[in-house]
Structure formats: structure tokens, C-alpha cells
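Contents: one structure, followed by commentary.
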Amino acid sequence: MATNRTFTMIKPDAANAGNAGAILKMIEEAGFRIVAIKKTKLSAETAGKFYEVHKERGFYGELCAYMSSGAIFPAILEKENAVEDFRKLIGATDPKKAEAGTIRAIFATSIEANAVHGSDSDENAAIEGAFFFAETERF
Ligand code: CMP
């Protein structure tokens, strides 16, 4: 099903470093409209549910600990071709491999503390957005 929405989280490393404003500026300047946003903190259990798809991976435990280590900014974003264009804007998962000028190349510190999350499909964008936001919180 086609959608013009994607889901992101500004992760604890970027939020703690005071980079949320600069990252949101890049996102808006790239043409994304913020449909929903909030500041919140995940428990390790809730982080585990969000990243359940990775539960067999070796980094799952560390990822859940990291994602619950500080505040995050989850957000739903809207733009034509949102999922693909947002993944271009943020760059590769590993910041060492991220193209210059991408959000991860500028702000990420490691493959785990990689500044932002971006949905990998329209289907996951819808699931991930619903994880954090009710319909009444989207404008
Ligand atoms: P994200 O796009 O949020 O989706 C899954 C996350 O797992 C990813 O960003 C990274 O933060 C993390 N991740 C992926 N691969 C690794 C890895 N090899 N080691 C540690 N963390 C990883």
C-alpha cells in the first residue's frame, strides 16, 4: 500500500548532545512535514518490543539498553516518496559508510548510536508510527 509517511526517532545520543533542533531543521528543509512528534523515554521492555524484529541478532540486548538510556524524539513525517527519501537523507546505518552530508554522517557516533531511526518500508512506517501515536495526535 502506498503511503507518503515515514517514521523516525531521534535517538538518545543525538537528543543528549542537543542535536534534535539541527536534525529537525535538516528534515524540514528536505521537504518533510512533521505530522506528529513528542519527547519521551522508552523502558528497556518497550524498546525490546519496538525492535522485536531484531531479537535474534547479537546486538539486540545492547540496542534495547541503549535505546532506553535517554530521551528520544519519535516523529511521523510526510512527503512524497517519504520512506525512500528519508533513508537517503539519513544515510547508511553505519555512519562510517554514510554519504557525506547525510544526518548520520554529520551526527552519528557509532553503528548503534546512529542519531536517527528511519522506517525501511511503508508497512513498517505505519506499524512504527502507530507504536507511538494515536490518530488524534497526528495533524
Ligand atoms: P535502526 O535504523 O534504528 O534499526 C535497527 C538498529 O539496530 C540500527 O538502527 C542500529 O542502531 C542498530 N544496529 C544495527 N546493526 C548493528 C550492529 N551491527 N551493531 C550494533 N547495533 C546495530
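Ligands are numbered from 1 in the order shown, residues from 1 within each chain, and chains are lettered A, B, ... in the order they appear in the C-alpha cells.
With only C-alpha atoms and all ligand atoms as the atoms that count, the set of residues no farther than 6 Å from ligand 1 is Phe59, Leu63, Thr93, Ile111, Glu112, Ala113, Asn114, His117 and Gly118 of chain A.
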Report as a PDB file with C-alpha atoms, in the first residue's frame all protein, DNA and RNA residues lying within 8 Å of range 6-23 of chain A, evaluated on only C-alpha atoms, omitting residues in the same chain fewer than 6 positions from it.
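Wrote result_12.pdb, looks like this:
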```pdb
ATOM      1  CA  TYR A  66      20.974   1.970  24.526  1.00  0.00           C
ATOM      2  CA  MET A  67      17.513   2.960  23.248  1.00  0.00           C
ATOM      3  CA  SER A  68      16.230   3.160  26.834  1.00  0.00           C
ATOM      4  CA  SER A  69      19.279   5.074  28.129  1.00  0.00           C
ATOM      5  CA  GLY A  70      17.895   8.547  27.494  1.00  0.00           C
ATOM      6  CA  ALA A  71      15.138  10.619  25.940  1.00  0.00           C
ATOM      7  CA  ILE A  72      14.156  10.203  22.303  1.00  0.00           C
ATOM      8  CA  PHE A  73      12.020  12.219  19.870  1.00  0.00           C
ATOM      9  CA  PRO A  74       9.723   9.901  17.860  1.00  0.00           C
ATOM     10  CA  ALA A  75       8.015  11.546  14.883  1.00  0.00           C
ATOM     11  CA  ILE A  76       5.824  10.807  11.872  1.00  0.00           C
ATOM     12  CA  LEU A  77       6.920  12.614   8.704  1.00  0.00           C
ATOM     13  CA  GLU A  78       5.091  13.266   5.449  1.00  0.00           C
ATOM     14  CA  ALA A  82       8.749   9.514   2.223  1.00  0.00           C
ATOM     15  CA  VAL A  83      10.334   6.164   3.197  1.00  0.00           C
ATOM     16  CA  PHE A  86      14.141   9.806   4.274  1.00  0.00           C
ATOM     17  CA  ILE A 103      22.222  13.111   9.033  1.00  0.00           C
ATOM     18  CA  PHE A 107      25.585  13.455  13.861  1.00  0.00           C
ATOM     19  CA  ALA A 108      26.008   9.697  14.494  1.00  0.00           C
ATOM     20  CA  THR A 109      28.787   8.379  16.713  1.00  0.00           C
ATOM     21  CA  ALA A 113      24.324   5.323  18.433  1.00  0.00           C
ATOM     22  CA  ASN A 114      23.448   6.333  14.895  1.00  0.00           C
ATOM     23  CA  ALA A 115      21.458   9.510  15.662  1.00  0.00           C
ATOM     24  CA  VAL A 116      18.174   8.592  13.966  1.00  0.00           C
ATOM     25  CA  HIS A 117      15.933   5.710  13.005  1.00  0.00           C
ATOM     26  CA  GLY A 118      14.126   5.601   9.678  1.00  0.00           C
ATOM     27  CA  SER A 119      11.449   3.075   8.659  1.00  0.00           C
ATOM     28  CA  ASP A 122       5.698   1.665   4.021  1.00  0.00           C
ATOM     29  CA  ALA A 125       6.299   3.061   8.785  1.00  0.00           C
ATOM     30  CA  ALA A 126       2.608   2.529   9.564  1.00  0.00           C
ATOM     31  CA  GLU A 128       6.067   2.101  13.932  1.00  0.00           C
ATOM     32  CA  GLY A 129       4.023   5.302  13.793  1.00  0.00           C
TER      33      GLY A 129
END
```
>> Env of Tyr51 in chain A: 9 Å cut, atoms = only C-alpha atoms, seq-sep filter 5 positions within chain, self excluded. Answer as a count of residues only.
In response: 4
>> as a PyMOL selection string, please: every residue in chain A that a backbone DSSP assignment puts in alpha helix (DSSP H).
In response: chain A and resi 12-16+20-29+44-50+60-67+82-90+103-107+122-132
Go ahead and save the residues from that selection, with C-alpha atoms, as a short mmCIF file (atom, residue, chain, number, x, y, z; two decimals), in the first residue's frame.
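Generated output (selection-v9.cif):
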```
data_model
loop_
_atom_site.label_atom_id
_atom_site.label_comp_id
_atom_site.auth_asym_id
_atom_site.auth_seq_id
_atom_site.Cartn_x
_atom_site.Cartn_y
_atom_site.Cartn_z
CA PRO A 12 19.42 9.17 22.80
CA ASP A 13 22.92 10.07 21.51
CA ALA A 14 21.64 12.87 19.30
CA ALA A 15 18.98 14.01 21.80
CA ASN A 16 21.54 14.13 24.66
CA ALA A 20 17.44 17.48 17.92
CA GLY A 21 16.84 21.03 16.66
CA ALA A 22 19.56 20.83 14.00
CA ILE A 23 18.30 17.42 12.83
CA LEU A 24 14.67 18.59 12.64
CA LYS A 25 15.84 21.62 10.65
CA MET A 26 17.53 19.31 8.11
CA ILE A 27 14.39 17.17 7.95
CA GLU A 28 12.10 20.17 7.33
CA GLU A 29 14.49 21.75 4.83
CA ALA A 44 14.12 -1.46 28.08
CA GLU A 45 10.99 -3.61 27.73
CA THR A 46 9.27 -1.13 25.39
CA ALA A 47 12.47 -0.71 23.34
CA GLY A 48 12.54 -4.51 23.10
CA LYS A 49 9.01 -4.53 21.70
CA PHE A 50 9.80 -1.82 19.16
CA TYR A 60 19.61 -6.82 20.38
CA GLY A 61 20.30 -6.60 24.15
CA GLU A 62 22.72 -3.70 23.75
CA LEU A 63 20.37 -1.95 21.35
CA CYS A 64 17.48 -2.14 23.86
CA ALA A 65 19.73 -0.89 26.68
CA TYR A 66 20.97 1.97 24.53
CA MET A 67 17.51 2.96 23.25
CA ALA A 82 8.75 9.51 2.22
CA VAL A 83 10.33 6.16 3.20
CA GLU A 84 12.94 6.10 0.43
CA ASP A 85 13.72 9.82 0.50
CA PHE A 86 14.14 9.81 4.27
CA ARG A 87 16.57 6.87 4.13
CA LYS A 88 18.62 8.86 1.60
CA LEU A 89 18.59 11.88 3.92
CA ILE A 90 19.80 9.88 6.95
CA ILE A 103 22.22 13.11 9.03
CA ARG A 104 24.13 10.04 10.25
CA ALA A 105 27.39 11.19 8.65
CA ILE A 106 27.05 14.51 10.50
CA PHE A 107 25.59 13.46 13.86
CA ASP A 122 5.70 1.66 4.02
CA GLU A 123 4.28 -1.21 6.06
CA ASN A 124 6.78 -0.72 8.90
CA ALA A 125 6.30 3.06 8.78
CA ALA A 126 2.61 2.53 9.56
CA ILE A 127 3.33 -0.03 12.33
CA GLU A 128 6.07 2.10 13.93
CA GLY A 129 4.02 5.30 13.79
CA ALA A 130 1.12 3.52 15.50
CA PHE A 131 3.51 2.29 18.21
CA PHE A 132 3.90 5.88 19.45
#
```
> Rounded to one decimal in Å, what is the spacing between CA of Arg57 in chain A and CA of Ser110 in chain A?
Replying inline: 17.1 Å
>> Report, in Å to a single decimal, how far apart CA of Ser121 in chain A and CA of Asn81 in chain A are.
In response: 10.7 Å
> Using the chain letters and numbers from this document, which residues of chain A does DSSP assign to strand (DSSP E or B), as a PyMOL selection string?
Replying inline: chain A and resi 5-10+33-37+40+72-78+116-118
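Take CA of Phe139 in chain A and CA of Lys38 in chain A: the distance between them is 12.9 Å.
Closest approach to Val35 in chain A among A:Lys79, A:Gly58, A:Glu52, A:Gly91: A:Lys79, based on only C-alpha atoms.
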>> Considering only C-alpha atoms, can you say which of A:Gly101, A:Val53, A:Arg5, A:Glu80 comes closest to Gly31 in chain A?
In response: A:Glu80
